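A.B. asks: Just so it is clear, I am handing over work24.txt, which has compact mmCIF, N, CA and C atoms.
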# COMPACT_ATOMS: atom_id res chain seq x y z
N GLN A 1098 -33.95 -50.03 -27.66
CA GLN A 1098 -33.22 -49.18 -28.59
C GLN A 1098 -33.02 -47.81 -27.97
N VAL A 1099 -31.84 -47.25 -28.20
CA VAL A 1099 -31.49 -45.95 -27.62
C VAL A 1099 -31.46 -44.90 -28.71
N GLN A 1100 -32.04 -43.76 -28.42
CA GLN A 1100 -32.00 -42.64 -29.36
C GLN A 1100 -31.38 -41.43 -28.69
N LEU A 1101 -30.50 -40.76 -29.43
CA LEU A 1101 -29.92 -39.51 -28.98
C LEU A 1101 -30.29 -38.44 -29.99
N VAL A 1102 -30.95 -37.41 -29.53
CA VAL A 1102 -31.41 -36.35 -30.43
C VAL A 1102 -30.71 -35.06 -30.07
N GLU A 1103 -29.89 -34.58 -30.99
CA GLU A 1103 -29.14 -33.35 -30.78
C GLU A 1103 -29.87 -32.16 -31.39
N SER A 1104 -29.64 -31.01 -30.82
CA SER A 1104 -30.20 -29.78 -31.36
C SER A 1104 -29.32 -28.61 -30.96
N GLY A 1105 -29.50 -27.48 -31.65
CA GLY A 1105 -28.81 -26.26 -31.27
C GLY A 1105 -27.69 -25.83 -32.19
N GLY A 1106 -27.36 -26.65 -33.18
CA GLY A 1106 -26.31 -26.24 -34.11
C GLY A 1106 -26.79 -25.14 -35.03
N GLY A 1107 -25.86 -24.59 -35.80
CA GLY A 1107 -26.23 -23.54 -36.74
C GLY A 1107 -25.04 -22.72 -37.16
N LEU A 1108 -25.34 -21.61 -37.78
CA LEU A 1108 -24.32 -20.68 -38.27
C LEU A 1108 -24.21 -19.50 -37.32
N VAL A 1109 -22.99 -19.17 -36.94
CA VAL A 1109 -22.75 -18.05 -36.03
C VAL A 1109 -21.47 -17.35 -36.42
N GLN A 1110 -21.40 -16.07 -36.14
CA GLN A 1110 -20.17 -15.34 -36.41
C GLN A 1110 -19.13 -15.60 -35.34
N ALA A 1111 -17.90 -15.43 -35.70
CA ALA A 1111 -16.81 -15.57 -34.73
C ALA A 1111 -17.06 -14.66 -33.53
N GLY A 1112 -16.83 -15.21 -32.35
CA GLY A 1112 -17.09 -14.48 -31.12
C GLY A 1112 -18.47 -14.72 -30.55
N GLY A 1113 -19.32 -15.36 -31.32
CA GLY A 1113 -20.68 -15.63 -30.88
C GLY A 1113 -20.78 -16.88 -30.02
N SER A 1114 -22.02 -17.22 -29.68
CA SER A 1114 -22.28 -18.35 -28.79
C SER A 1114 -23.38 -19.24 -29.37
N LEU A 1115 -23.30 -20.50 -29.00
CA LEU A 1115 -24.35 -21.48 -29.30
C LEU A 1115 -24.47 -22.42 -28.11
N ARG A 1116 -25.65 -22.98 -27.97
CA ARG A 1116 -25.86 -23.99 -26.93
C ARG A 1116 -26.43 -25.24 -27.58
N LEU A 1117 -25.70 -26.33 -27.45
CA LEU A 1117 -26.14 -27.61 -27.98
C LEU A 1117 -26.84 -28.41 -26.88
N SER A 1118 -27.83 -29.17 -27.30
CA SER A 1118 -28.54 -30.06 -26.37
C SER A 1118 -28.60 -31.45 -26.98
N CYS A 1119 -28.62 -32.45 -26.11
CA CYS A 1119 -28.75 -33.83 -26.56
C CYS A 1119 -29.60 -34.57 -25.55
N ALA A 1120 -30.73 -35.06 -26.01
CA ALA A 1120 -31.64 -35.80 -25.14
C ALA A 1120 -31.59 -37.28 -25.50
N ALA A 1121 -31.39 -38.10 -24.49
CA ALA A 1121 -31.34 -39.55 -24.68
C ALA A 1121 -32.65 -40.18 -24.26
N SER A 1122 -33.09 -41.16 -25.02
CA SER A 1122 -34.32 -41.88 -24.67
C SER A 1122 -34.18 -43.35 -25.07
N GLY A 1123 -35.09 -44.16 -24.57
CA GLY A 1123 -35.07 -45.59 -24.89
C GLY A 1123 -34.49 -46.41 -23.76
N SER A 1124 -34.00 -47.59 -24.12
CA SER A 1124 -33.46 -48.53 -23.12
C SER A 1124 -32.02 -48.17 -22.79
N ILE A 1125 -31.88 -47.07 -22.05
CA ILE A 1125 -30.56 -46.52 -21.79
C ILE A 1125 -29.83 -47.26 -20.70
N PHE A 1126 -30.55 -47.83 -19.77
CA PHE A 1126 -30.01 -48.35 -18.53
C PHE A 1126 -29.43 -47.15 -17.79
N SER A 1127 -28.44 -47.31 -16.99
CA SER A 1127 -27.96 -46.21 -16.17
C SER A 1127 -26.78 -45.52 -16.86
N ILE A 1128 -26.95 -44.22 -17.14
CA ILE A 1128 -25.91 -43.49 -17.85
C ILE A 1128 -24.77 -43.12 -16.91
N ASN A 1129 -23.57 -43.32 -17.38
CA ASN A 1129 -22.40 -42.90 -16.61
C ASN A 1129 -21.89 -41.58 -17.19
N THR A 1130 -21.23 -41.65 -18.31
CA THR A 1130 -20.63 -40.45 -18.89
C THR A 1130 -21.44 -39.95 -20.08
N MET A 1131 -21.59 -38.65 -20.16
CA MET A 1131 -22.22 -38.01 -21.31
C MET A 1131 -21.22 -37.00 -21.86
N GLY A 1132 -21.22 -36.84 -23.17
CA GLY A 1132 -20.24 -35.91 -23.71
C GLY A 1132 -20.49 -35.53 -25.14
N TRP A 1133 -19.56 -34.72 -25.62
CA TRP A 1133 -19.62 -34.20 -26.98
C TRP A 1133 -18.29 -34.43 -27.68
N TYR A 1134 -18.38 -34.89 -28.91
CA TYR A 1134 -17.24 -35.01 -29.79
C TYR A 1134 -17.51 -34.13 -31.01
N ARG A 1135 -16.47 -33.87 -31.77
CA ARG A 1135 -16.67 -33.13 -33.02
C ARG A 1135 -15.73 -33.67 -34.08
N GLN A 1136 -16.18 -33.47 -35.32
CA GLN A 1136 -15.38 -33.92 -36.45
C GLN A 1136 -15.49 -32.91 -37.57
N ALA A 1137 -14.36 -32.34 -37.94
CA ALA A 1137 -14.30 -31.41 -39.05
C ALA A 1137 -13.93 -32.19 -40.31
N PRO A 1138 -14.26 -31.68 -41.49
CA PRO A 1138 -13.93 -32.37 -42.74
C PRO A 1138 -12.45 -32.70 -42.83
N GLY A 1139 -12.15 -33.95 -43.12
CA GLY A 1139 -10.77 -34.38 -43.28
C GLY A 1139 -10.02 -34.61 -41.99
N LYS A 1140 -10.71 -34.50 -40.86
CA LYS A 1140 -10.04 -34.68 -39.57
C LYS A 1140 -10.71 -35.80 -38.79
N GLN A 1141 -9.99 -36.30 -37.79
CA GLN A 1141 -10.53 -37.34 -36.94
C GLN A 1141 -11.50 -36.76 -35.93
N ARG A 1142 -12.42 -37.61 -35.51
CA ARG A 1142 -13.34 -37.19 -34.45
C ARG A 1142 -12.54 -37.01 -33.16
N GLU A 1143 -12.84 -35.94 -32.44
CA GLU A 1143 -12.11 -35.65 -31.21
C GLU A 1143 -13.08 -35.30 -30.08
N LEU A 1144 -12.65 -35.61 -28.88
CA LEU A 1144 -13.43 -35.27 -27.70
C LEU A 1144 -13.41 -33.76 -27.50
N VAL A 1145 -14.59 -33.20 -27.25
CA VAL A 1145 -14.70 -31.78 -26.92
C VAL A 1145 -14.85 -31.62 -25.41
N ALA A 1146 -15.82 -32.33 -24.84
CA ALA A 1146 -16.07 -32.22 -23.41
C ALA A 1146 -16.91 -33.40 -22.96
N SER A 1147 -16.73 -33.78 -21.70
CA SER A 1147 -17.53 -34.86 -21.14
C SER A 1147 -17.82 -34.57 -19.68
N ILE A 1148 -18.86 -35.25 -19.17
CA ILE A 1148 -19.24 -35.07 -17.78
C ILE A 1148 -19.74 -36.40 -17.24
N THR A 1149 -19.27 -36.75 -16.06
CA THR A 1149 -19.68 -38.02 -15.46
C THR A 1149 -20.98 -37.84 -14.67
N SER A 1150 -21.51 -38.95 -14.21
CA SER A 1150 -22.73 -38.90 -13.40
C SER A 1150 -22.50 -38.13 -12.11
N GLY A 1151 -21.26 -38.10 -11.66
CA GLY A 1151 -20.94 -37.37 -10.44
C GLY A 1151 -20.63 -35.90 -10.66
N GLY A 1152 -20.61 -35.49 -11.93
CA GLY A 1152 -20.38 -34.08 -12.24
C GLY A 1152 -18.95 -33.72 -12.60
N SER A 1153 -18.06 -34.69 -12.64
CA SER A 1153 -16.69 -34.39 -13.04
C SER A 1153 -16.64 -34.12 -14.53
N THR A 1154 -15.91 -33.09 -14.91
CA THR A 1154 -15.85 -32.69 -16.32
C THR A 1154 -14.44 -32.82 -16.88
N ASN A 1155 -14.41 -32.95 -18.20
CA ASN A 1155 -13.15 -33.06 -18.91
C ASN A 1155 -13.30 -32.28 -20.22
N TYR A 1156 -12.30 -31.48 -20.55
CA TYR A 1156 -12.37 -30.64 -21.74
C TYR A 1156 -11.12 -30.80 -22.60
N ALA A 1157 -11.31 -30.65 -23.89
CA ALA A 1157 -10.16 -30.52 -24.78
C ALA A 1157 -9.48 -29.20 -24.48
N ASP A 1158 -8.17 -29.19 -24.58
CA ASP A 1158 -7.42 -27.97 -24.27
C ASP A 1158 -7.89 -26.79 -25.13
N SER A 1159 -8.28 -27.08 -26.35
CA SER A 1159 -8.64 -26.02 -27.30
C SER A 1159 -9.94 -25.30 -26.93
N VAL A 1160 -10.73 -25.88 -26.03
CA VAL A 1160 -12.02 -25.25 -25.69
C VAL A 1160 -12.10 -24.82 -24.23
N LYS A 1161 -11.07 -25.12 -23.46
CA LYS A 1161 -11.08 -24.75 -22.04
C LYS A 1161 -11.24 -23.24 -21.89
N GLY A 1162 -12.13 -22.86 -21.00
CA GLY A 1162 -12.38 -21.45 -20.76
C GLY A 1162 -13.43 -20.85 -21.68
N ARG A 1163 -13.81 -21.58 -22.73
CA ARG A 1163 -14.81 -21.08 -23.68
C ARG A 1163 -16.08 -21.92 -23.68
N PHE A 1164 -15.94 -23.22 -23.49
CA PHE A 1164 -17.07 -24.14 -23.53
C PHE A 1164 -17.39 -24.65 -22.13
N GLY A 1165 -18.67 -24.94 -21.90
CA GLY A 1165 -19.09 -25.52 -20.64
C GLY A 1165 -20.05 -26.67 -20.88
N VAL A 1166 -19.79 -27.82 -20.26
CA VAL A 1166 -20.67 -28.98 -20.40
C VAL A 1166 -21.46 -29.16 -19.10
N SER A 1167 -22.73 -29.52 -19.25
CA SER A 1167 -23.58 -29.76 -18.09
C SER A 1167 -24.60 -30.83 -18.44
N ARG A 1168 -25.29 -31.35 -17.43
CA ARG A 1168 -26.28 -32.40 -17.69
C ARG A 1168 -27.44 -32.27 -16.72
N ASP A 1169 -28.57 -32.76 -17.19
CA ASP A 1169 -29.77 -32.88 -16.37
C ASP A 1169 -30.09 -34.35 -16.30
N ASN A 1170 -29.76 -34.98 -15.19
CA ASN A 1170 -29.93 -36.43 -15.09
C ASN A 1170 -31.41 -36.84 -15.14
N ALA A 1171 -32.27 -36.01 -14.63
CA ALA A 1171 -33.69 -36.33 -14.65
C ALA A 1171 -34.24 -36.39 -16.07
N LYS A 1172 -33.63 -35.62 -16.95
CA LYS A 1172 -34.08 -35.56 -18.35
C LYS A 1172 -33.16 -36.35 -19.28
N ASN A 1173 -32.14 -36.99 -18.74
CA ASN A 1173 -31.15 -37.69 -19.58
C ASN A 1173 -30.66 -36.79 -20.71
N THR A 1174 -30.34 -35.56 -20.35
CA THR A 1174 -29.95 -34.57 -21.34
C THR A 1174 -28.59 -33.97 -20.97
N VAL A 1175 -27.78 -33.77 -21.99
CA VAL A 1175 -26.48 -33.13 -21.81
C VAL A 1175 -26.45 -31.88 -22.68
N TYR A 1176 -25.79 -30.86 -22.17
CA TYR A 1176 -25.71 -29.57 -22.85
C TYR A 1176 -24.25 -29.19 -23.09
N LEU A 1177 -24.05 -28.39 -24.13
CA LEU A 1177 -22.73 -27.83 -24.38
C LEU A 1177 -22.91 -26.35 -24.69
N GLN A 1178 -22.50 -25.51 -23.77
CA GLN A 1178 -22.53 -24.08 -23.98
C GLN A 1178 -21.21 -23.67 -24.60
N MET A 1179 -21.28 -23.07 -25.78
CA MET A 1179 -20.08 -22.69 -26.51
C MET A 1179 -20.04 -21.18 -26.66
N ASN A 1180 -19.03 -20.58 -26.07
CA ASN A 1180 -18.87 -19.13 -26.12
C ASN A 1180 -17.59 -18.76 -26.86
N ASN A 1181 -17.53 -17.53 -27.31
CA ASN A 1181 -16.36 -17.03 -28.03
C ASN A 1181 -15.93 -18.01 -29.12
N LEU A 1182 -16.88 -18.40 -29.93
CA LEU A 1182 -16.62 -19.38 -30.98
C LEU A 1182 -15.64 -18.85 -32.01
N LYS A 1183 -14.84 -19.77 -32.54
CA LYS A 1183 -13.84 -19.45 -33.55
C LYS A 1183 -14.10 -20.28 -34.81
N PRO A 1184 -13.63 -19.83 -35.94
CA PRO A 1184 -13.83 -20.62 -37.17
C PRO A 1184 -13.31 -22.05 -37.04
N VAL A 1185 -12.25 -22.26 -36.27
CA VAL A 1185 -11.71 -23.62 -36.10
C VAL A 1185 -12.64 -24.53 -35.32
N ASP A 1186 -13.65 -23.96 -34.69
CA ASP A 1186 -14.64 -24.77 -33.97
C ASP A 1186 -15.69 -25.35 -34.92
N SER A 1187 -15.68 -24.94 -36.17
CA SER A 1187 -16.65 -25.44 -37.14
C SER A 1187 -16.47 -26.94 -37.34
N ALA A 1188 -17.57 -27.68 -37.18
CA ALA A 1188 -17.51 -29.14 -37.28
C ALA A 1188 -18.91 -29.69 -37.07
N ASN A 1189 -19.02 -30.98 -37.31
CA ASN A 1189 -20.21 -31.71 -36.86
C ASN A 1189 -19.98 -32.12 -35.41
N TYR A 1190 -20.91 -31.81 -34.56
CA TYR A 1190 -20.81 -32.13 -33.14
C TYR A 1190 -21.72 -33.32 -32.82
N TYR A 1191 -21.14 -34.32 -32.18
CA TYR A 1191 -21.84 -35.56 -31.89
C TYR A 1191 -21.98 -35.77 -30.38
N CYS A 1192 -23.17 -36.11 -29.99
CA CYS A 1192 -23.44 -36.48 -28.60
C CYS A 1192 -23.01 -37.93 -28.38
N ASN A 1193 -22.54 -38.22 -27.20
CA ASN A 1193 -22.06 -39.56 -26.87
C ASN A 1193 -22.44 -39.88 -25.43
N ILE A 1194 -22.95 -41.06 -25.23
CA ILE A 1194 -23.20 -41.49 -23.85
C ILE A 1194 -22.62 -42.88 -23.64
N ARG A 1195 -22.20 -43.13 -22.42
CA ARG A 1195 -21.69 -44.44 -22.01
C ARG A 1195 -22.43 -44.84 -20.75
N ASN A 1196 -23.03 -46.03 -20.74
CA ASN A 1196 -23.75 -46.45 -19.54
C ASN A 1196 -22.84 -47.29 -18.64
N VAL A 1197 -23.38 -47.70 -17.51
CA VAL A 1197 -22.56 -48.40 -16.53
C VAL A 1197 -22.15 -49.78 -17.00
N ARG A 1198 -22.80 -50.27 -18.07
CA ARG A 1198 -22.41 -51.55 -18.67
C ARG A 1198 -21.25 -51.37 -19.65
N GLY A 1199 -20.90 -50.13 -19.92
CA GLY A 1199 -19.86 -49.86 -20.90
C GLY A 1199 -20.37 -49.73 -22.32
N GLU A 1200 -21.68 -49.75 -22.49
CA GLU A 1200 -22.27 -49.59 -23.82
C GLU A 1200 -22.20 -48.11 -24.22
N ILE A 1201 -21.88 -47.89 -25.48
CA ILE A 1201 -21.69 -46.53 -25.98
C ILE A 1201 -22.69 -46.25 -27.09
N TYR A 1202 -23.27 -45.06 -27.05
CA TYR A 1202 -24.25 -44.66 -28.05
C TYR A 1202 -23.87 -43.28 -28.60
N TRP A 1203 -24.19 -43.10 -29.88
CA TRP A 1203 -23.87 -41.85 -30.56
C TRP A 1203 -25.12 -41.21 -31.16
N GLY A 1204 -25.13 -39.88 -31.16
CA GLY A 1204 -26.15 -39.16 -31.90
C GLY A 1204 -25.74 -39.05 -33.36
N LYS A 1205 -26.63 -38.48 -34.16
CA LYS A 1205 -26.35 -38.36 -35.59
C LYS A 1205 -25.56 -37.11 -35.94
N GLY A 1206 -25.44 -36.21 -34.98
CA GLY A 1206 -24.62 -35.02 -35.19
C GLY A 1206 -25.43 -33.78 -35.50
N THR A 1207 -24.87 -32.66 -35.12
CA THR A 1207 -25.45 -31.36 -35.46
C THR A 1207 -24.31 -30.45 -35.93
N LEU A 1208 -24.56 -29.74 -37.01
CA LEU A 1208 -23.51 -28.96 -37.65
C LEU A 1208 -23.38 -27.59 -37.02
N VAL A 1209 -22.15 -27.24 -36.70
CA VAL A 1209 -21.82 -25.90 -36.21
C VAL A 1209 -20.86 -25.25 -37.21
N THR A 1210 -21.25 -24.09 -37.69
CA THR A 1210 -20.41 -23.35 -38.63
C THR A 1210 -20.15 -21.96 -38.07
N VAL A 1211 -18.87 -21.62 -37.95
CA VAL A 1211 -18.49 -20.33 -37.41
C VAL A 1211 -17.82 -19.52 -38.53
N SER A 1212 -18.41 -18.41 -38.86
CA SER A 1212 -17.87 -17.58 -39.94
C SER A 1212 -16.92 -16.52 -39.37
N SER A 1213 -15.94 -16.16 -40.16
CA SER A 1213 -14.94 -15.18 -39.70
C SER A 1213 -15.36 -13.76 -40.03
Would you mind writing the file out in structure tokens?
C.D. replies:
Amino acid sequence: QVQLVESGGGLVQAGGSLRLSCAASGSIFSINTMGWYRQAPGKQRELVASITSGGSTNYADSVKGRFGVSRDNAKNTVYLQMNNLKPVDSANYYCNIRNVRGEIYWGKGTLVTVSS
């Protein structure tokens, strides 16, 4: 069984920063891609950022230049540094991992609220 535990969400004022963490444990096998998605009320879940085992990153256009994704392979942990946060960034943020078998796992989410 695989567990993803997210942390770091909370309430922040516009222009502030937060750092999300997601630690994976259990029968993960070999992780390929790690990433973050978000879902705001009434909207579809969308990719925020992802990073491959080789370090290649991918970002949603709306967060480029403000967010940074990184990972610690030894700890099976992925991070999302969020700077210059805006109210539109408010959402539940979900950790996602994909292993080399193509299996996908999700965290339960951590809430980020940005006040104006």
A.B. asks: With DSSP run on the backbone, what are the strand (DSSP E) residues within chain A? I'd like them as a CSV table (one decimal) with N, CA and C atoms, in the coordinates of the input.
C.D. replies:
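Okay, this is what ended up in result-v9.csv:
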chain,number,residue,atom,x,y,z
A,1099,VAL,N,-31.8,-47.2,-28.2
A,1099,VAL,CA,-31.5,-46.0,-27.6
A,1099,VAL,C,-31.5,-44.9,-28.7
A,1100,GLN,N,-32.0,-43.8,-28.4
A,1100,GLN,CA,-32.0,-42.6,-29.4
A,1100,GLN,C,-31.4,-41.4,-28.7
A,1101,LEU,N,-30.5,-40.8,-29.4
A,1101,LEU,CA,-29.9,-39.5,-29.0
A,1101,LEU,C,-30.3,-38.4,-30.0
A,1102,VAL,N,-31.0,-37.4,-29.5
A,1102,VAL,CA,-31.4,-36.4,-30.4
A,1102,VAL,C,-30.7,-35.1,-30.1
A,1103,GLU,N,-29.9,-34.6,-31.0
A,1103,GLU,CA,-29.1,-33.4,-30.8
A,1103,GLU,C,-29.9,-32.2,-31.4
A,1104,SER,N,-29.6,-31.0,-30.8
A,1104,SER,CA,-30.2,-29.8,-31.4
A,1104,SER,C,-29.3,-28.6,-31.0
A,1107,GLY,N,-25.9,-24.6,-35.8
A,1107,GLY,CA,-26.2,-23.5,-36.7
A,1107,GLY,C,-25.0,-22.7,-37.2
A,1108,LEU,N,-25.3,-21.6,-37.8
A,1108,LEU,CA,-24.3,-20.7,-38.3
A,1108,LEU,C,-24.2,-19.5,-37.3
A,1109,VAL,N,-23.0,-19.2,-36.9
A,1109,VAL,CA,-22.8,-18.0,-36.0
A,1109,VAL,C,-21.5,-17.4,-36.4
A,1110,GLN,N,-21.4,-16.1,-36.1
A,1110,GLN,CA,-20.2,-15.3,-36.4
A,1110,GLN,C,-19.1,-15.6,-35.3
A,1115,LEU,N,-23.3,-20.5,-29.0
A,1115,LEU,CA,-24.4,-21.5,-29.3
A,1115,LEU,C,-24.5,-22.4,-28.1
A,1116,ARG,N,-25.6,-23.0,-28.0
A,1116,ARG,CA,-25.9,-24.0,-26.9
A,1116,ARG,C,-26.4,-25.2,-27.6
A,1117,LEU,N,-25.7,-26.3,-27.4
A,1117,LEU,CA,-26.1,-27.6,-28.0
A,1117,LEU,C,-26.8,-28.4,-26.9
A,1118,SER,N,-27.8,-29.2,-27.3
A,1118,SER,CA,-28.5,-30.1,-26.4
A,1118,SER,C,-28.6,-31.4,-27.0
A,1119,CYS,N,-28.6,-32.4,-26.1
A,1119,CYS,CA,-28.8,-33.8,-26.6
A,1119,CYS,C,-29.6,-34.6,-25.6
A,1120,ALA,N,-30.7,-35.1,-26.0
A,1120,ALA,CA,-31.6,-35.8,-25.1
A,1120,ALA,C,-31.6,-37.3,-25.5
A,1121,ALA,N,-31.4,-38.1,-24.5
A,1121,ALA,CA,-31.3,-39.6,-24.7
A,1121,ALA,C,-32.6,-40.2,-24.3
A,1122,SER,N,-33.1,-41.2,-25.0
A,1122,SER,CA,-34.3,-41.9,-24.7
A,1122,SER,C,-34.2,-43.4,-25.1
A,1123,GLY,N,-35.1,-44.2,-24.6
A,1123,GLY,CA,-35.1,-45.6,-24.9
A,1123,GLY,C,-34.5,-46.4,-23.8
A,1128,ILE,N,-27.0,-44.2,-17.1
A,1128,ILE,CA,-25.9,-43.5,-17.8
A,1128,ILE,C,-24.8,-43.1,-16.9
A,1129,ASN,N,-23.6,-43.3,-17.4
A,1129,ASN,CA,-22.4,-42.9,-16.6
A,1129,ASN,C,-21.9,-41.6,-17.2
A,1130,THR,N,-21.2,-41.6,-18.3
A,1130,THR,CA,-20.6,-40.4,-18.9
A,1130,THR,C,-21.4,-40.0,-20.1
A,1131,MET,N,-21.6,-38.6,-20.2
A,1131,MET,CA,-22.2,-38.0,-21.3
A,1131,MET,C,-21.2,-37.0,-21.9
A,1132,GLY,N,-21.2,-36.8,-23.2
A,1132,GLY,CA,-20.2,-35.9,-23.7
A,1132,GLY,C,-20.5,-35.5,-25.1
A,1133,TRP,N,-19.6,-34.7,-25.6
A,1133,TRP,CA,-19.6,-34.2,-27.0
A,1133,TRP,C,-18.3,-34.4,-27.7
A,1134,TYR,N,-18.4,-34.9,-28.9
A,1134,TYR,CA,-17.2,-35.0,-29.8
A,1134,TYR,C,-17.5,-34.1,-31.0
A,1135,ARG,N,-16.5,-33.9,-31.8
A,1135,ARG,CA,-16.7,-33.1,-33.0
A,1135,ARG,C,-15.7,-33.7,-34.1
A,1136,GLN,N,-16.2,-33.5,-35.3
A,1136,GLN,CA,-15.4,-33.9,-36.4
A,1136,GLN,C,-15.5,-32.9,-37.6
A,1143,GLU,N,-12.8,-35.9,-32.4
A,1143,GLU,CA,-12.1,-35.6,-31.2
A,1143,GLU,C,-13.1,-35.3,-30.1
A,1144,LEU,N,-12.6,-35.6,-28.9
A,1144,LEU,CA,-13.4,-35.3,-27.7
A,1144,LEU,C,-13.4,-33.8,-27.5
A,1145,VAL,N,-14.6,-33.2,-27.2
A,1145,VAL,CA,-14.7,-31.8,-26.9
A,1145,VAL,C,-14.8,-31.6,-25.4
A,1146,ALA,N,-15.8,-32.3,-24.8
A,1146,ALA,CA,-16.1,-32.2,-23.4
A,1146,ALA,C,-16.9,-33.4,-23.0
A,1147,SER,N,-16.7,-33.8,-21.7
A,1147,SER,CA,-17.5,-34.9,-21.1
A,1147,SER,C,-17.8,-34.6,-19.7
A,1148,ILE,N,-18.9,-35.2,-19.2
A,1148,ILE,CA,-19.2,-35.1,-17.8
A,1148,ILE,C,-19.7,-36.4,-17.2
A,1154,THR,N,-15.9,-33.1,-14.9
A,1154,THR,CA,-15.8,-32.7,-16.3
A,1154,THR,C,-14.4,-32.8,-16.9
A,1155,ASN,N,-14.4,-33.0,-18.2
A,1155,ASN,CA,-13.2,-33.1,-18.9
A,1155,ASN,C,-13.3,-32.3,-20.2
A,1156,TYR,N,-12.3,-31.5,-20.6
A,1156,TYR,CA,-12.4,-30.6,-21.7
A,1156,TYR,C,-11.1,-30.8,-22.6
A,1164,PHE,N,-15.9,-23.2,-23.5
A,1164,PHE,CA,-17.1,-24.1,-23.5
A,1164,PHE,C,-17.4,-24.6,-22.1
A,1165,GLY,N,-18.7,-24.9,-21.9
A,1165,GLY,CA,-19.1,-25.5,-20.6
A,1165,GLY,C,-20.0,-26.7,-20.9
A,1166,VAL,N,-19.8,-27.8,-20.3
A,1166,VAL,CA,-20.7,-29.0,-20.4
A,1166,VAL,C,-21.5,-29.2,-19.1
A,1167,SER,N,-22.7,-29.5,-19.2
A,1167,SER,CA,-23.6,-29.8,-18.1
A,1167,SER,C,-24.6,-30.8,-18.4
A,1168,ARG,N,-25.3,-31.4,-17.4
A,1168,ARG,CA,-26.3,-32.4,-17.7
A,1168,ARG,C,-27.4,-32.3,-16.7
A,1169,ASP,N,-28.6,-32.8,-17.2
A,1169,ASP,CA,-29.8,-32.9,-16.4
A,1169,ASP,C,-30.1,-34.4,-16.3
A,1174,THR,N,-30.3,-35.6,-20.4
A,1174,THR,CA,-30.0,-34.6,-21.3
A,1174,THR,C,-28.6,-34.0,-21.0
A,1175,VAL,N,-27.8,-33.8,-22.0
A,1175,VAL,CA,-26.5,-33.1,-21.8
A,1175,VAL,C,-26.4,-31.9,-22.7
A,1176,TYR,N,-25.8,-30.9,-22.2
A,1176,TYR,CA,-25.7,-29.6,-22.8
A,1176,TYR,C,-24.2,-29.2,-23.1
A,1177,LEU,N,-24.0,-28.4,-24.1
A,1177,LEU,CA,-22.7,-27.8,-24.4
A,1177,LEU,C,-22.9,-26.4,-24.7
A,1178,GLN,N,-22.5,-25.5,-23.8
A,1178,GLN,CA,-22.5,-24.1,-24.0
A,1178,GLN,C,-21.2,-23.7,-24.6
A,1179,MET,N,-21.3,-23.1,-25.8
A,1179,MET,CA,-20.1,-22.7,-26.5
A,1179,MET,C,-20.0,-21.2,-26.7
A,1188,ALA,N,-17.6,-27.7,-37.2
A,1188,ALA,CA,-17.5,-29.1,-37.3
A,1188,ALA,C,-18.9,-29.7,-37.1
A,1189,ASN,N,-19.0,-31.0,-37.3
A,1189,ASN,CA,-20.2,-31.7,-36.9
A,1189,ASN,C,-20.0,-32.1,-35.4
A,1190,TYR,N,-20.9,-31.8,-34.6
A,1190,TYR,CA,-20.8,-32.1,-33.1
A,1190,TYR,C,-21.7,-33.3,-32.8
A,1191,TYR,N,-21.1,-34.3,-32.2
A,1191,TYR,CA,-21.8,-35.6,-31.9
A,1191,TYR,C,-22.0,-35.8,-30.4
A,1192,CYS,N,-23.2,-36.1,-30.0
A,1192,CYS,CA,-23.4,-36.5,-28.6
A,1192,CYS,C,-23.0,-37.9,-28.4
A,1193,ASN,N,-22.5,-38.2,-27.2
A,1193,ASN,CA,-22.1,-39.6,-26.9
A,1193,ASN,C,-22.4,-39.9,-25.4
A,1194,ILE,N,-23.0,-41.1,-25.2
A,1194,ILE,CA,-23.2,-41.5,-23.8
A,1194,ILE,C,-22.6,-42.9,-23.6
A,1195,ARG,N,-22.2,-43.1,-22.4
A,1195,ARG,CA,-21.7,-44.4,-22.0
A,1195,ARG,C,-22.4,-44.8,-20.8
A,1196,ASN,N,-23.0,-46.0,-20.7
A,1196,ASN,CA,-23.8,-46.4,-19.5
A,1196,ASN,C,-22.8,-47.3,-18.6
A,1201,ILE,N,-21.9,-47.9,-25.5
A,1201,ILE,CA,-21.7,-46.5,-26.0
A,1201,ILE,C,-22.7,-46.2,-27.1
A,1202,TYR,N,-23.3,-45.1,-27.0
A,1202,TYR,CA,-24.2,-44.7,-28.0
A,1202,TYR,C,-23.9,-43.3,-28.6
A,1203,TRP,N,-24.2,-43.1,-29.9
A,1203,TRP,CA,-23.9,-41.8,-30.6
A,1203,TRP,C,-25.1,-41.2,-31.2
A,1207,THR,N,-24.9,-32.7,-35.1
A,1207,THR,CA,-25.4,-31.4,-35.5
A,1207,THR,C,-24.3,-30.4,-35.9
A,1208,LEU,N,-24.6,-29.7,-37.0
A,1208,LEU,CA,-23.5,-29.0,-37.6
A,1208,LEU,C,-23.4,-27.6,-37.0
A,1209,VAL,N,-22.2,-27.2,-36.7
A,1209,VAL,CA,-21.8,-25.9,-36.2
A,1209,VAL,C,-20.9,-25.2,-37.2
A,1210,THR,N,-21.2,-24.1,-37.7
A,1210,THR,CA,-20.4,-23.4,-38.6
A,1210,THR,C,-20.2,-22.0,-38.1
A,1211,VAL,N,-18.9,-21.6,-38.0
A,1211,VAL,CA,-18.5,-20.3,-37.4
A,1211,VAL,C,-17.8,-19.5,-38.5
A,1212,SER,N,-18.4,-18.4,-38.9
A,1212,SER,CA,-17.9,-17.6,-39.9
A,1212,SER,C,-16.9,-16.5,-39.4
A.B. asks: Taking all atoms listed in the file into account, name the residue in A:Ser1104, A:Ser1167, A:Thr1210, A:Gln1098 that is nearest to Pro1184 in chain A.
C.D. replies: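 Ranked by minimum distance to Pro1184 in chain A, first place goes to A:Thr1210.
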A.B. asks: What's the separation between CA of Leu1115 in chain A and CA of Arg1195 in chain A, in Å to one decimal place?
C.D. replies: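 Value for the CA of Leu1115 in chain A-CA of Arg1195 in chain A distance: 24.2 Å.
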A.B. asks: CA of Leu1144 in chain A and atom N of Gly1165 in chain A, how far apart in Å?
C.D. replies: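 Here the two named atoms are 13.0 Å from each other.
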A.B. asks: Taking all listed atoms of range 1182-1190 of chain A, build the axis-aligned box, pad each of the six sides by 8 Å, then write its centre and edge lengths in Å to one decimal as lines of an AutoDock Vina configuration file.
C.D. replies:
center_x = -16.7
center_y = -25.9
center_z = -33.6
size_x = 26.0
size_y = 30.9
size_z = 23.4
